[in-house]
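Working notes, structure below.
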Amino acid sequence: MFSYLTGWAMGLLIWLHVIAAIAWIGESFYFVMLDNSLHEPEEEAERRKGVFGELWAVHGGGFYHSQKYLVSPARMPDDLHWSKWKSYATWLSGFALLTVMYLMQPGTYLIDPSVAHLTPSLAIICVLGFLLAGWVVYDIACRLLGKNDFVLGVVIAIFVAAAAFLATHLFAPQAAFLIVGAMIGTIMSANVFFWIIPGQKKMVNALARGETPDPIPGKRAKQRSVHNTYFTLPVVFAMLSSHFSMLYGGAANWLSLWLVMVAGALIRQYFVMRHTKSEIWQLPTMAAGLIVIVMVLVAPAHLIGGAVHAQTAAANAPGPTVDTAAVTPIIQDRCGKCHSAHPTMMSSAPDGLIFDTASEIHQHAALIYQQAVQAKSMPPGNITHITKAERAKIGRWFQGGAK
């Protein structure tokens, strides 16, 4: 019953989290586009009213006229739109999902004894500490280096690399990727809660009192908003990282995660520049180059050579021929607790994959080899204690044709 209910909880929370994230990211992308597409008003009367920039657009069968005031409009509207609840809903649903899937089941998804010997309680504390420490370190860096955007950007990039390294040496690889993404997502939502919305409220309250707003809170809020823009695509990748076992299962998985995140930031920068009519093709080219580097970095040894992915070579070492009958007991014992018609560790087999018979195992030979030998991501957290010798045997079975 517990696994059945948690399965439903995870499914609904994933849906809610994705919906909220789409709404938040979509609104963020729109306002960045709008801010970078404004041009000086053509009408002198508009400039006298304090209009800084405007944009005409056509969409959905109608025309839209957007205007931006740097100081204040002639009249403060009663129904002023605030961009905040989508951010909060994204973080709250994401944290609830993290709790149900990882914090409530640390032994299954969070802990991998081959990575670090953590007790369930210590693993949970480490996750919560990661989220809190990520925000504290980032916020201090912004306070100290906020006047130099380039230096601050380099420091943040190094900090994310260090966080990726630490996470992949504490948690199960798949969990580590998601936790780094959750840390950055926490920073983004905290930026909205502690800096962006308060800065905007100070400006609006000053205008309501008939005073000239202090520009400093607005500038700080703008800086945090820009950071959120570049964090977006790296966080999206982390949200989807469970589909990339070739990345989180590699020896240099922390470096792979960081390089893909840098590529995501470069892609986002390209779109930001494109809004200003300055298409810099070097940015997507650099992003593509980083992806190629990652592809080479995580490639199996039998594709490129033993120097790149040495740990896979052991699975491909010469040995006696192995047929399906020889690996069937291993897979049924180590994988069957989940991948069975009647699993004992969850309510139903993940993705409908069942390995009860030799024919079912043979049918999914490539997937078993990829997850259990190449990526070593299954069983999750090695909860069934599959040995290196057993992984090597599965590797020889597949390399020999899975006969």
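By order in the structure tokens, chains are A, B, ...; within a chain, residues start at 1; ligands start at 1, following the order shown.
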
Quiz item: Among region 31-68 of chain A, which ones does DSSP place in strand (DSSP E or B), written as JSON, numbers by chain?
Solution: {"A": [39, 51, 52, 53, 54, 55, 56, 57, 58, 59, 62, 63, 64, 65, 66, 67, 68]}

Export of prior selection with N, CA and C atoms as a PDB file, in the first residue's frame:
```pdb
ATOM      1  N   HIS A  39      12.192  49.286 -27.996  1.00  0.00           N
ATOM      2  CA  HIS A  39      12.852  50.375 -28.709  1.00  0.00           C
ATOM      3  C   HIS A  39      12.253  51.699 -28.284  1.00  0.00           C
ATOM      4  N   VAL A  51       7.725  57.045 -20.917  1.00  0.00           N
ATOM      5  CA  VAL A  51       7.874  55.716 -21.504  1.00  0.00           C
ATOM      6  C   VAL A  51       9.329  55.518 -21.939  1.00  0.00           C
ATOM      7  N   PHE A  52       9.991  54.511 -21.389  1.00  0.00           N
ATOM      8  CA  PHE A  52      11.386  54.219 -21.702  1.00  0.00           C
ATOM      9  C   PHE A  52      11.517  53.463 -23.023  1.00  0.00           C
ATOM     10  N   GLY A  53      10.631  52.495 -23.234  1.00  0.00           N
ATOM     11  CA  GLY A  53      10.677  51.702 -24.458  1.00  0.00           C
ATOM     12  C   GLY A  53       9.332  51.058 -24.715  1.00  0.00           C
ATOM     13  N   GLU A  54       9.137  50.613 -25.955  1.00  0.00           N
ATOM     14  CA  GLU A  54       7.866  49.986 -26.304  1.00  0.00           C
ATOM     15  C   GLU A  54       8.099  48.889 -27.338  1.00  0.00           C
ATOM     16  N   LEU A  55       7.109  48.020 -27.454  1.00  0.00           N
ATOM     17  CA  LEU A  55       7.169  46.933 -28.429  1.00  0.00           C
ATOM     18  C   LEU A  55       5.771  46.667 -28.955  1.00  0.00           C
ATOM     19  N   TRP A  56       5.662  46.642 -30.264  1.00  0.00           N
ATOM     20  CA  TRP A  56       4.420  46.237 -30.910  1.00  0.00           C
ATOM     21  C   TRP A  56       4.571  44.784 -31.349  1.00  0.00           C
ATOM     22  N   ALA A  57       3.545  43.979 -31.105  1.00  0.00           N
ATOM     23  CA  ALA A  57       3.598  42.567 -31.475  1.00  0.00           C
ATOM     24  C   ALA A  57       2.232  42.121 -31.981  1.00  0.00           C
ATOM     25  N   VAL A  58       2.230  41.075 -32.777  1.00  0.00           N
ATOM     26  CA  VAL A  58       0.989  40.485 -33.271  1.00  0.00           C
ATOM     27  C   VAL A  58       0.965  39.030 -32.846  1.00  0.00           C
ATOM     28  N   HIS A  59      -0.158  38.592 -32.290  1.00  0.00           N
ATOM     29  CA  HIS A  59      -0.274  37.218 -31.820  1.00  0.00           C
ATOM     30  C   HIS A  59      -1.747  36.905 -31.565  1.00  0.00           C
ATOM     31  N   GLY A  62      -4.529  39.290 -32.920  1.00  0.00           N
ATOM     32  CA  GLY A  62      -4.645  40.670 -32.454  1.00  0.00           C
ATOM     33  C   GLY A  62      -3.283  41.320 -32.313  1.00  0.00           C
ATOM     34  N   PHE A  63      -3.292  42.635 -32.017  1.00  0.00           N
ATOM     35  CA  PHE A  63      -2.062  43.402 -31.860  1.00  0.00           C
ATOM     36  C   PHE A  63      -1.881  43.784 -30.390  1.00  0.00           C
ATOM     37  N   TYR A  64      -0.632  43.757 -29.941  1.00  0.00           N
ATOM     38  CA  TYR A  64      -0.301  44.093 -28.558  1.00  0.00           C
ATOM     39  C   TYR A  64       0.712  45.239 -28.552  1.00  0.00           C
ATOM     40  N   HIS A  65       0.512  46.160 -27.601  1.00  0.00           N
ATOM     41  CA  HIS A  65       1.400  47.309 -27.471  1.00  0.00           C
ATOM     42  C   HIS A  65       1.916  47.346 -26.035  1.00  0.00           C
ATOM     43  N   SER A  66       3.169  46.939 -25.847  1.00  0.00           N
ATOM     44  CA  SER A  66       3.769  46.903 -24.515  1.00  0.00           C
ATOM     45  C   SER A  66       4.668  48.109 -24.320  1.00  0.00           C
ATOM     46  N   GLN A  67       4.581  48.717 -23.143  1.00  0.00           N
ATOM     47  CA  GLN A  67       5.398  49.882 -22.818  1.00  0.00           C
ATOM     48  C   GLN A  67       6.069  49.681 -21.457  1.00  0.00           C
ATOM     49  N   LYS A  68       7.297  50.215 -21.332  1.00  0.00           N
ATOM     50  CA  LYS A  68       8.029  50.105 -20.083  1.00  0.00           C
ATOM     51  C   LYS A  68       8.342  51.492 -19.546  1.00  0.00           C
TER      52      LYS A  68
END
```

Quiz item: Would you give me, as an MDAnalysis selection string, the residues in region 55-171 of chain A that DSSP reads as alpha helix (DSSP H)?
Solution: chainID A and resid 85:98 120:145 149:168

Go ahead and write the residues just picked, C-alpha atoms, as a PDB file, in the first residue's frame.
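Final output, saved to out38.pdb:
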```
ATOM      1  CA  TRP A  85       3.373  32.556  -7.380  1.00  0.00           C
ATOM      2  CA  LYS A  86       4.566  30.430 -10.288  1.00  0.00           C
ATOM      3  CA  SER A  87       8.052  30.462  -8.773  1.00  0.00           C
ATOM      4  CA  TYR A  88       6.807  29.489  -5.330  1.00  0.00           C
ATOM      5  CA  ALA A  89       4.553  26.742  -6.730  1.00  0.00           C
ATOM      6  CA  THR A  90       7.480  25.300  -8.688  1.00  0.00           C
ATOM      7  CA  TRP A  91       9.730  25.137  -5.631  1.00  0.00           C
ATOM      8  CA  LEU A  92       7.070  23.826  -3.257  1.00  0.00           C
ATOM      9  CA  SER A  93       5.970  21.070  -5.640  1.00  0.00           C
ATOM     10  CA  GLY A  94       9.606  20.206  -6.383  1.00  0.00           C
ATOM     11  CA  PHE A  95      10.477  19.968  -2.697  1.00  0.00           C
ATOM     12  CA  ALA A  96       7.404  17.819  -2.063  1.00  0.00           C
ATOM     13  CA  LEU A  97       8.505  15.504  -4.886  1.00  0.00           C
ATOM     14  CA  LEU A  98      12.050  15.388  -3.487  1.00  0.00           C
ATOM     15  CA  PRO A 120      19.472   7.292   6.034  1.00  0.00           C
ATOM     16  CA  SER A 121      19.313  10.132   8.598  1.00  0.00           C
ATOM     17  CA  LEU A 122      22.686  11.542   7.586  1.00  0.00           C
ATOM     18  CA  ALA A 123      21.758  11.352   3.897  1.00  0.00           C
ATOM     19  CA  ILE A 124      18.580  13.354   4.526  1.00  0.00           C
ATOM     20  CA  ILE A 125      20.511  15.959   6.535  1.00  0.00           C
ATOM     21  CA  CYS A 126      23.054  16.239   3.712  1.00  0.00           C
ATOM     22  CA  VAL A 127      20.317  16.875   1.140  1.00  0.00           C
ATOM     23  CA  LEU A 128      18.687  19.599   3.228  1.00  0.00           C
ATOM     24  CA  GLY A 129      22.111  21.068   3.973  1.00  0.00           C
ATOM     25  CA  PHE A 130      22.884  21.135   0.267  1.00  0.00           C
ATOM     26  CA  LEU A 131      19.798  23.237  -0.475  1.00  0.00           C
ATOM     27  CA  LEU A 132      20.429  25.656   2.398  1.00  0.00           C
ATOM     28  CA  ALA A 133      24.194  25.969   1.920  1.00  0.00           C
ATOM     29  CA  GLY A 134      23.749  26.513  -1.815  1.00  0.00           C
ATOM     30  CA  TRP A 135      21.602  29.578  -1.204  1.00  0.00           C
ATOM     31  CA  VAL A 136      23.812  30.954   1.596  1.00  0.00           C
ATOM     32  CA  VAL A 137      27.057  30.660  -0.400  1.00  0.00           C
ATOM     33  CA  TYR A 138      25.466  32.124  -3.533  1.00  0.00           C
ATOM     34  CA  ASP A 139      23.874  35.024  -1.639  1.00  0.00           C
ATOM     35  CA  ILE A 140      27.137  35.905   0.122  1.00  0.00           C
ATOM     36  CA  ALA A 141      28.971  35.842  -3.218  1.00  0.00           C
ATOM     37  CA  CYS A 142      26.408  38.229  -4.709  1.00  0.00           C
ATOM     38  CA  ARG A 143      26.673  40.609  -1.759  1.00  0.00           C
ATOM     39  CA  LEU A 144      30.471  40.681  -1.895  1.00  0.00           C
ATOM     40  CA  LEU A 145      31.034  40.632  -5.672  1.00  0.00           C
ATOM     41  CA  ASP A 149      29.252  40.783 -12.942  1.00  0.00           C
ATOM     42  CA  PHE A 150      32.070  38.949 -14.749  1.00  0.00           C
ATOM     43  CA  VAL A 151      33.945  37.959 -11.581  1.00  0.00           C
ATOM     44  CA  LEU A 152      30.676  37.029  -9.898  1.00  0.00           C
ATOM     45  CA  GLY A 153      29.711  34.872 -12.877  1.00  0.00           C
ATOM     46  CA  VAL A 154      33.035  33.004 -12.759  1.00  0.00           C
ATOM     47  CA  VAL A 155      32.693  32.436  -9.009  1.00  0.00           C
ATOM     48  CA  ILE A 156      29.145  31.086  -9.435  1.00  0.00           C
ATOM     49  CA  ALA A 157      30.300  28.729 -12.202  1.00  0.00           C
ATOM     50  CA  ILE A 158      33.121  27.406  -9.998  1.00  0.00           C
ATOM     51  CA  PHE A 159      30.705  27.040  -7.088  1.00  0.00           C
ATOM     52  CA  VAL A 160      28.288  24.953  -9.195  1.00  0.00           C
ATOM     53  CA  ALA A 161      31.198  22.753 -10.326  1.00  0.00           C
ATOM     54  CA  ALA A 162      32.225  22.214  -6.697  1.00  0.00           C
ATOM     55  CA  ALA A 163      28.628  21.406  -5.737  1.00  0.00           C
ATOM     56  CA  ALA A 164      28.388  18.869  -8.576  1.00  0.00           C
ATOM     57  CA  PHE A 165      31.648  17.234  -7.451  1.00  0.00           C
ATOM     58  CA  LEU A 166      30.524  17.033  -3.827  1.00  0.00           C
ATOM     59  CA  ALA A 167      27.037  15.732  -4.652  1.00  0.00           C
ATOM     60  CA  THR A 168      28.338  12.941  -6.869  1.00  0.00           C
TER      61      THR A 168
END
```

Quiz item: Quick one: residues within 9 Å of Met33 (chain A), only C-alpha atoms counted, chain neighbours fewer than 6 positions away excluded, as a list in words?
Solution: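 Near neighbours after the sequence-gap exclusion: Phe271, Val272, Arg274, His275 and Thr276 of chain A.
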
Just the selected residues (N, CA and C atoms), exported as a compact mmCIF listing (two decimals), in the first residue's frame, please.
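out17.txt, freshly written:
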```
# COMPACT_ATOMS: atom_id res chain seq x y z
N PHE A 271 19.94 33.13 -26.97
CA PHE A 271 18.58 33.61 -27.17
C PHE A 271 18.40 35.02 -26.62
N VAL A 272 19.07 35.31 -25.50
CA VAL A 272 19.01 36.67 -24.95
C VAL A 272 19.59 37.66 -25.96
N ARG A 274 19.86 37.24 -29.13
CA ARG A 274 19.04 37.24 -30.34
C ARG A 274 17.89 38.24 -30.23
N HIS A 275 17.38 38.41 -29.01
CA HIS A 275 16.30 39.39 -28.81
C HIS A 275 16.78 40.81 -29.10
N THR A 276 18.07 41.05 -28.95
CA THR A 276 18.63 42.39 -29.21
C THR A 276 19.14 42.52 -30.65
```

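Take CA of Met273 (chain A) and CA of Glu43 (chain A): the distance between them is 26.5 Å.
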
Which residues of region 193-310 of chain A come within 6 Å of region 361-385 of chain A, and for each one, what is the closest pair of atoms and their distance in Å to one decimal, counting only C-alpha atoms, sorted by chain and residue number, as JSON lines?
```
{"residue": "A:Ser245", "atom": "CA", "partner": "A:Ala375", "partner_atom": "CA", "distance": 5.6}
{"residue": "A:Met246", "atom": "CA", "partner": "A:Ala375", "partner_atom": "CA", "distance": 5.4}
{"residue": "A:Gly249", "atom": "CA", "partner": "A:Ala375", "partner_atom": "CA", "distance": 4.0}
```

Quiz item: Which is closest to Met203 (chain A) among A:Ala221, A:Ile386, A:Ala325, A:Met286, if we use only C-alpha atoms?
Solution: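 Closest candidate: A:Ala221.
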
Exercise. Determine, counting only C-alpha atoms, which protein, DNA and RNA residues have an atom within 9 Å of an atom of region 70-84 of chain A; residues of the same chain fewer than 6 positions away are not included. Present the result as a ChimeraX atom specification.
Key: /A:24,27-28,49-53,189,192-193,196-197,203-204,207-208,212-213

The selected residues should be written to file as a compact mmCIF listing (two decimals), in the first residue's frame (atoms: N, CA and C atoms).
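And here is the file that came out, part_22.txt:
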```txt
# COMPACT_ATOMS: atom_id res chain seq x y z
N TRP A 24 6.30 29.23 -14.93
CA TRP A 24 7.34 30.16 -14.43
C TRP A 24 8.36 30.45 -15.51
N GLU A 27 6.90 32.56 -18.43
CA GLU A 27 6.76 33.97 -18.09
C GLU A 27 8.11 34.66 -18.02
N SER A 28 9.12 33.97 -17.44
CA SER A 28 10.46 34.53 -17.36
C SER A 28 11.04 34.77 -18.75
N LYS A 49 5.69 61.26 -21.36
CA LYS A 49 4.96 60.58 -20.29
C LYS A 49 5.87 59.65 -19.48
N GLY A 50 7.13 59.52 -19.92
CA GLY A 50 8.07 58.69 -19.17
C GLY A 50 8.23 57.29 -19.70
N VAL A 51 7.73 57.04 -20.92
CA VAL A 51 7.87 55.72 -21.50
C VAL A 51 9.33 55.52 -21.94
N PHE A 52 9.99 54.51 -21.39
CA PHE A 52 11.39 54.22 -21.70
C PHE A 52 11.52 53.46 -23.02
N GLY A 53 10.63 52.49 -23.23
CA GLY A 53 10.68 51.70 -24.46
C GLY A 53 9.33 51.06 -24.71
N SER A 189 14.31 30.40 -6.70
CA SER A 189 13.08 30.77 -5.99
C SER A 189 13.38 31.71 -4.83
N VAL A 192 13.68 35.21 -6.00
CA VAL A 192 12.36 35.84 -6.17
C VAL A 192 11.82 36.28 -4.82
N PHE A 193 11.90 35.40 -3.82
CA PHE A 193 11.28 35.67 -2.52
C PHE A 193 12.02 36.74 -1.72
N ILE A 196 13.86 39.86 -5.53
CA ILE A 196 13.14 40.43 -6.68
C ILE A 196 11.81 41.05 -6.25
N ILE A 197 10.98 40.29 -5.56
CA ILE A 197 9.68 40.81 -5.14
C ILE A 197 9.83 41.94 -4.10
N MET A 203 9.77 49.77 -4.69
CA MET A 203 9.56 50.72 -5.77
C MET A 203 8.09 51.12 -5.87
N VAL A 204 7.20 50.14 -5.81
CA VAL A 204 5.77 50.42 -5.92
C VAL A 204 5.29 51.24 -4.73
N LEU A 207 6.34 54.87 -5.08
CA LEU A 207 5.50 55.57 -6.06
C LEU A 207 4.13 55.89 -5.49
N ALA A 208 3.57 54.95 -4.70
CA ALA A 208 2.26 55.19 -4.10
C ALA A 208 2.30 56.36 -3.12
N THR A 212 10.23 59.50 -5.25
CA THR A 212 11.07 58.91 -6.30
C THR A 212 11.70 57.64 -5.74
N PRO A 213 11.52 56.50 -6.40
CA PRO A 213 12.03 55.23 -5.86
C PRO A 213 13.56 55.22 -5.80
```

Quiz prompt | Residues near Phe177 (chain A), cut-off 8 Å, only C-alpha atoms, skip fewer than 2 positions along chain, as number ranges by chain | solution = A: 164, 167-168, 173-175, 179-181, 238, 241, 248, 257

Selected residues written out with N, CA and C atoms, as a compact mmCIF listing (two decimals), in the first residue's frame:
```txt
# COMPACT_ATOMS: atom_id res chain seq x y z
N ALA A 164 28.58 20.09 -7.79
CA ALA A 164 28.39 18.87 -8.58
C ALA A 164 29.37 17.79 -8.13
N ALA A 167 28.28 16.51 -4.60
CA ALA A 167 27.04 15.73 -4.65
C ALA A 167 27.28 14.34 -5.21
N THR A 168 28.08 14.25 -6.26
CA THR A 168 28.34 12.94 -6.87
C THR A 168 29.27 12.08 -6.04
N PRO A 173 24.42 8.39 -7.92
CA PRO A 173 24.63 9.30 -9.05
C PRO A 173 23.36 9.95 -9.60
N GLN A 174 22.31 9.17 -9.79
CA GLN A 174 21.07 9.73 -10.33
C GLN A 174 20.50 10.78 -9.39
N ALA A 175 20.54 10.50 -8.09
CA ALA A 175 20.06 11.47 -7.10
C ALA A 175 20.94 12.70 -7.07
N ILE A 179 19.76 16.57 -7.18
CA ILE A 179 19.98 17.42 -6.00
C ILE A 179 20.71 18.70 -6.38
N VAL A 180 21.67 18.63 -7.30
CA VAL A 180 22.34 19.84 -7.77
C VAL A 180 21.32 20.75 -8.46
N GLY A 181 20.44 20.16 -9.26
CA GLY A 181 19.38 20.96 -9.89
C GLY A 181 18.45 21.57 -8.86
N ALA A 238 18.69 19.22 -15.26
CA ALA A 238 18.74 18.42 -14.03
C ALA A 238 17.41 17.75 -13.75
N SER A 241 17.34 14.68 -15.85
CA SER A 241 18.59 13.93 -15.84
C SER A 241 18.40 12.44 -15.59
N TYR A 248 25.19 10.21 -15.70
CA TYR A 248 25.37 10.11 -14.25
C TYR A 248 26.04 8.81 -13.84
N LEU A 257 28.01 16.70 -15.81
CA LEU A 257 26.88 17.54 -15.38
C LEU A 257 27.23 19.01 -15.51
```

Practice problem: Rank A:His243, A:Arg391, A:Lys403, A:Arg268 by their smallest atom-to-atom distance to Asn228 (chain A), using only C-alpha atoms, and report the top residue only. | Solution: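 Closest candidate: A:Arg268.
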
Exercise. Kindly give the distance, in Å, that separates CA of Ile25 (chain A) and CA of Val292 (chain A), rounded to a single decimal.
Key: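 Going from CA of Ile25 (chain A) over to CA of Val292 (chain A) covers 26.7 Å.
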